[in-house]
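Student: Structure file run30.pdb (PDB, C-alpha atoms) is given on the next line.
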MODEL        1
ATOM      1  CA  MET U   1      39.357 136.776 178.326  1.00  0.00           C
ATOM      2  CA  ASN U   2      36.943 139.359 179.680  1.00  0.00           C
ATOM      3  CA  SER U   3      35.582 142.531 178.117  1.00  0.00           C
ATOM      4  CA  ASP U   4      37.958 144.764 180.100  1.00  0.00           C
ATOM      5  CA  ASP U   5      40.974 143.167 178.416  1.00  0.00           C
ATOM      6  CA  VAL U   6      39.409 143.679 174.995  1.00  0.00           C
ATOM      7  CA  ALA U   7      38.609 147.307 175.820  1.00  0.00           C
ATOM      8  CA  VAL U   8      42.164 147.941 177.018  1.00  0.00           C
ATOM      9  CA  ARG U   9      43.586 146.305 173.880  1.00  0.00           C
ATOM     10  CA  GLU U  10      41.318 148.396 171.613  1.00  0.00           C
ATOM     11  CA  PHE U  11      42.249 151.500 173.587  1.00  0.00           C
ATOM     12  CA  ARG U  12      45.958 150.833 173.089  1.00  0.00           C
ATOM     13  CA  ALA U  13      45.472 150.064 169.386  1.00  0.00           C
ATOM     14  CA  LEU U  14      43.573 153.335 168.899  1.00  0.00           C
ATOM     15  CA  ARG U  15      46.247 155.273 170.767  1.00  0.00           C
ATOM     16  CA  ARG U  16      49.032 153.670 168.716  1.00  0.00           C
ATOM     17  CA  ARG U  17      47.208 154.352 165.426  1.00  0.00           C
ATOM     18  CA  VAL U  18      46.674 158.026 166.284  1.00  0.00           C
ATOM     19  CA  LEU U  19      50.279 158.449 167.386  1.00  0.00           C
ATOM     20  CA  ASP U  20      51.496 156.740 164.202  1.00  0.00           C
ATOM     21  CA  LEU U  21      49.420 159.156 162.141  1.00  0.00           C
ATOM     22  CA  TYR U  22      50.778 162.190 164.015  1.00  0.00           C
ATOM     23  CA  ASP U  23      54.346 160.882 163.758  1.00  0.00           C
ATOM     24  CA  THR U  24      54.006 160.266 160.030  1.00  0.00           C
ATOM     25  CA  VAL U  25      52.598 163.705 159.299  1.00  0.00           C
ATOM     26  CA  THR U  26      55.245 165.394 161.452  1.00  0.00           C
ATOM     27  CA  VAL U  27      58.110 163.524 159.756  1.00  0.00           C
ATOM     28  CA  LEU U  28      56.712 164.289 156.290  1.00  0.00           C
ATOM     29  CA  MET U  29      56.391 167.989 157.162  1.00  0.00           C
ATOM     30  CA  LEU U  30      59.966 168.100 158.517  1.00  0.00           C
ATOM     31  CA  ILE U  31      61.226 166.469 155.312  1.00  0.00           C
ATOM     32  CA  GLY U  32      59.226 168.999 153.278  1.00  0.00           C
ATOM     33  CA  ILE U  33      60.708 171.891 155.262  1.00  0.00           C
ATOM     34  CA  ALA U  34      64.222 170.502 154.743  1.00  0.00           C
ATOM     35  CA  VAL U  35      63.623 170.213 150.988  1.00  0.00           C
ATOM     36  CA  LEU U  36      62.350 173.802 150.862  1.00  0.00           C
ATOM     37  CA  VAL U  37      65.344 175.063 152.864  1.00  0.00           C
ATOM     38  CA  VAL U  38      67.716 173.374 150.401  1.00  0.00           C
ATOM     39  CA  TYR U  39      65.694 174.849 147.520  1.00  0.00           C
ATOM     40  CA  CYS U  40      65.943 178.345 149.026  1.00  0.00           C
ATOM     41  CA  LEU U  41      69.691 177.970 149.519  1.00  0.00           C
ATOM     42  CA  ARG U  42      70.237 176.748 145.945  1.00  0.00           C
ATOM     43  CA  LEU U  43      68.004 179.432 144.431  1.00  0.00           C
ATOM     44  CA  GLY U  44      70.839 181.909 144.217  1.00  0.00           C
ATOM     45  CA  PRO U  45      70.476 185.680 143.980  1.00  0.00           C
ATOM     46  CA  LEU U  46      66.959 187.018 144.213  1.00  0.00           C
ATOM     47  CA  ASP U  47      67.411 189.529 141.387  1.00  0.00           C
ATOM     48  CA  THR U  48      66.904 186.966 138.628  1.00  0.00           C
ATOM     49  CA  PRO U  49      63.465 186.691 136.992  1.00  0.00           C
ATOM     50  CA  GLY U  50      61.089 184.597 139.058  1.00  0.00           C
ATOM     51  CA  ALA U  51      63.578 183.905 141.849  1.00  0.00           C
ATOM     52  CA  GLU U  52      61.983 186.337 144.290  1.00  0.00           C
ATOM     53  CA  GLN U  53      58.549 184.819 143.765  1.00  0.00           C
ATOM     54  CA  SER U  54      59.937 181.278 144.087  1.00  0.00           C
ATOM     55  CA  PHE U  55      61.697 182.253 147.311  1.00  0.00           C
ATOM     56  CA  GLY U  56      58.484 183.773 148.694  1.00  0.00           C
ATOM     57  CA  ILE U  57      56.459 180.682 147.846  1.00  0.00           C
ATOM     58  CA  ALA U  58      59.072 178.394 149.424  1.00  0.00           C
ATOM     59  CA  VAL U  59      59.217 180.465 152.618  1.00  0.00           C
ATOM     60  CA  SER U  60      55.423 180.621 152.870  1.00  0.00           C
ATOM     61  CA  LEU U  61      55.215 176.841 152.420  1.00  0.00           C
ATOM     62  CA  MET U  62      57.827 176.382 155.168  1.00  0.00           C
ATOM     63  CA  PHE U  63      55.758 178.524 157.532  1.00  0.00           C
ATOM     64  CA  LEU U  64      52.605 176.637 156.563  1.00  0.00           C
ATOM     65  CA  MET U  65      54.268 173.291 157.285  1.00  0.00           C
ATOM     66  CA  ALA U  66      55.676 174.560 160.580  1.00  0.00           C
ATOM     67  CA  THR U  67      52.189 175.754 161.526  1.00  0.00           C
ATOM     68  CA  LEU U  68      50.800 172.309 160.770  1.00  0.00           C
ATOM     69  CA  ILE U  69      53.438 170.707 162.999  1.00  0.00           C
ATOM     70  CA  VAL U  70      52.635 173.120 165.849  1.00  0.00           C
ATOM     71  CA  HIS U  71      48.930 172.398 165.367  1.00  0.00           C
ATOM     72  CA  LEU U  72      49.517 168.652 165.534  1.00  0.00           C
ATOM     73  CA  VAL U  73      51.575 168.948 168.708  1.00  0.00           C
ATOM     74  CA  ASP U  74      48.932 171.206 170.252  1.00  0.00           C
ATOM     75  CA  HIS U  75      46.177 168.831 169.127  1.00  0.00           C
ATOM     76  CA  THR U  76      48.053 165.881 170.599  1.00  0.00           C
ATOM     77  CA  TYR U  77      48.324 167.459 174.037  1.00  0.00           C
ATOM     78  CA  ARG U  78      45.033 169.384 174.187  1.00  0.00           C
ATOM     79  CA  LEU U  79      42.475 167.333 172.344  1.00  0.00           C
ATOM     80  CA  TRP U  80      43.976 163.934 172.934  1.00  0.00           C
ATOM     81  CA  PRO U  81      41.390 161.419 171.718  1.00  0.00           C
ATOM     82  CA  LEU U  82      41.828 159.408 174.887  1.00  0.00           C
ATOM     83  CA  GLY U  83      41.180 162.146 177.430  1.00  0.00           C
ATOM     84  CA  ARG U  84      42.309 165.706 178.009  1.00  0.00           C
ATOM     85  CA  ARG U  85      45.607 166.443 179.655  1.00  0.00           C
ATOM     86  CA  VAL U  86      45.214 170.208 179.623  1.00  0.00           C
ATOM     87  CA  THR U  87      41.956 171.821 180.611  1.00  0.00           C
ATOM     88  CA  PRO U  88      41.709 175.359 179.258  1.00  0.00           C
ATOM     89  CA  ARG U  89      40.378 178.069 181.531  1.00  0.00           C
ATOM     90  CA  ALA U  90      36.916 179.394 180.924  1.00  0.00           C
ATOM     91  CA  PRO U  91      37.004 182.828 179.275  1.00  0.00           C
ATOM     92  CA  GLY U  92      36.351 185.739 181.548  1.00  0.00           C
ATOM     93  CA  PRO U  93      33.383 188.040 181.155  1.00  0.00           C
ATOM     94  CA  VAL U  94      33.550 190.953 178.729  1.00  0.00           C
ATOM     95  CA  THR U  95      33.572 194.126 180.769  1.00  0.00           C
ATOM     96  CA  VAL U  96      33.696 197.813 179.942  1.00  0.00           C
ATOM     97  CA  LYS U  97      37.250 197.913 181.297  1.00  0.00           C
ATOM     98  CA  SER U  98      38.404 195.138 178.943  1.00  0.00           C
ATOM     99  CA  GLN U  99      36.716 196.862 175.982  1.00  0.00           C
ATOM    100  CA  ALA U 100      38.403 200.156 176.881  1.00  0.00           C
ATOM    101  CA  ARG U 101      41.783 198.401 177.139  1.00  0.00           C
ATOM    102  CA  PHE U 102      41.242 196.818 173.706  1.00  0.00           C
ATOM    103  CA  LEU U 103      40.364 200.184 172.157  1.00  0.00           C
ATOM    104  CA  ALA U 104      43.386 201.857 173.778  1.00  0.00           C
ATOM    105  CA  ILE U 105      45.714 199.183 172.393  1.00  0.00           C
ATOM    106  CA  LEU U 106      44.058 199.399 168.967  1.00  0.00           C
ATOM    107  CA  ILE U 107      44.448 203.199 168.859  1.00  0.00           C
ATOM    108  CA  PHE U 108      48.091 202.877 169.928  1.00  0.00           C
ATOM    109  CA  VAL U 109      48.842 200.310 167.201  1.00  0.00           C
ATOM    110  CA  ILE U 110      47.139 202.468 164.558  1.00  0.00           C
ATOM    111  CA  ALA U 111      49.085 205.538 165.725  1.00  0.00           C
ATOM    112  CA  VAL U 112      52.406 203.667 165.573  1.00  0.00           C
ATOM    113  CA  ALA U 113      51.563 202.355 162.098  1.00  0.00           C
ATOM    114  CA  ALA U 114      50.638 205.853 160.905  1.00  0.00           C
ATOM    115  CA  CYS U 115      53.884 207.303 162.297  1.00  0.00           C
ATOM    116  CA  ALA U 116      55.890 204.528 160.641  1.00  0.00           C
ATOM    117  CA  TYR U 117      54.130 205.221 157.346  1.00  0.00           C
ATOM    118  CA  VAL U 118      54.888 208.954 157.532  1.00  0.00           C
ATOM    119  CA  VAL U 119      58.531 208.370 158.495  1.00  0.00           C
ATOM    120  CA  ALA U 120      58.954 205.816 155.701  1.00  0.00           C
ATOM    121  CA  GLY U 121      57.416 208.276 153.240  1.00  0.00           C
ATOM    122  CA  LEU U 122      59.865 210.967 154.327  1.00  0.00           C
ATOM    123  CA  LEU U 123      62.875 208.666 154.096  1.00  0.00           C
ATOM    124  CA  ILE U 124      62.062 207.157 150.723  1.00  0.00           C
TER     125      ILE U 124
ENDMDL
END
Will you turn the file into structure tokens for me?
Tutor:
Amino acid sequence: MNSDDVAVREFRALRRRVLDLYDTVTVLMLIGIAVLVVYCLRLGPLDTPGAEQSFGIAVSLMFLMATLIVHLVDHTYRLWPLGRRVTPRAPGPVTVKSQARFLAILIFVIAVAACAYVVAGLLI
């Protein structure tokens, strides 16, 4: 038995352990999301005391768990501990044109938000 065989065996054991960890966390998060969905469905009308807050907490926990699952999948394919599969592009330089585009988009978003606020104030 040479050192290459031992290295390959350790490599496979490490890969299996990492994949088992990712699989376990993903399954636990999916079970948690399913439990929260059932809880939200059984909560009933949201006009009872505390029901609206309970619904909001359950929905936020579902989104948090879904975010963790997406992060794990992204981490698995981007920062794979056994070598990258996806190499991200290097960021481009910051230019005056890109700064002007950012400011134009920011001004547009602020203007739309202000218009929506005024319209909502008139309607309510």
Student: Have a look at U:Ala114, U:Ala66, U:Pro93, U:His71 and name the one nearest to U:Met29; count all atoms listed in the file.
Tutor: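 The closest residue to U:Met29 is U:Ala66.
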Student: Could you list, as a PyMOL selection string, every residue within 10 Å of U:Ile69, counting all atoms listed in the file and ignoring same-chain residues fewer than 2 positions away?
Tutor: chain U and resi 22-23+25-30+63-67+71-75
Student: Could you check which of U:Leu46, U:Thr95, U:Ile110, U:Thr76 is closest to U:Arg15, using all atoms listed in the file?
Tutor: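 Closest to U:Arg15 of all the choices is U:Thr76.
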Student: So how many Å separate atom CA of U:Thr24 and atom CA of U:Val70, to one decimal?
Tutor: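 Atom-to-atom, atom CA of U:Thr24 to atom CA of U:Val70, that is 14.2 Å.
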Student: Which distance in Å separates atom CA of U:Ser60 and atom CA of U:Asp20, to one decimal?
Tutor: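 Interatomic distance, atom CA of U:Ser60 to atom CA of U:Asp20: 26.7 Å.
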Student: Give me, please, the distance in Å between atom CA of U:Asp5 and atom CA of U:Leu19, quoted to one decimal.
Tutor: 21.0 Å
Student: Between U:Tyr39, U:Phe102, U:Phe108, U:Tyr77, single out the one closest to U:Met62, counting only C-alpha atoms.
Tutor: U:Tyr39
Student: Just the residues within 12 Å of U:Val59, please, counting all atoms listed in the file, with nothing from its chain fewer than 2 positions along; format it as a list in words.
Tutor: Gly32, Ile33, Ala34, Val35, Leu36, Val37, Val38, Tyr39, Cys40, Leu41, Glu52, Gln53, Ser54, Phe55, Gly56, Ile57, Leu61, Met62, Phe63, Leu64, Met65 and Ala66 of chain U
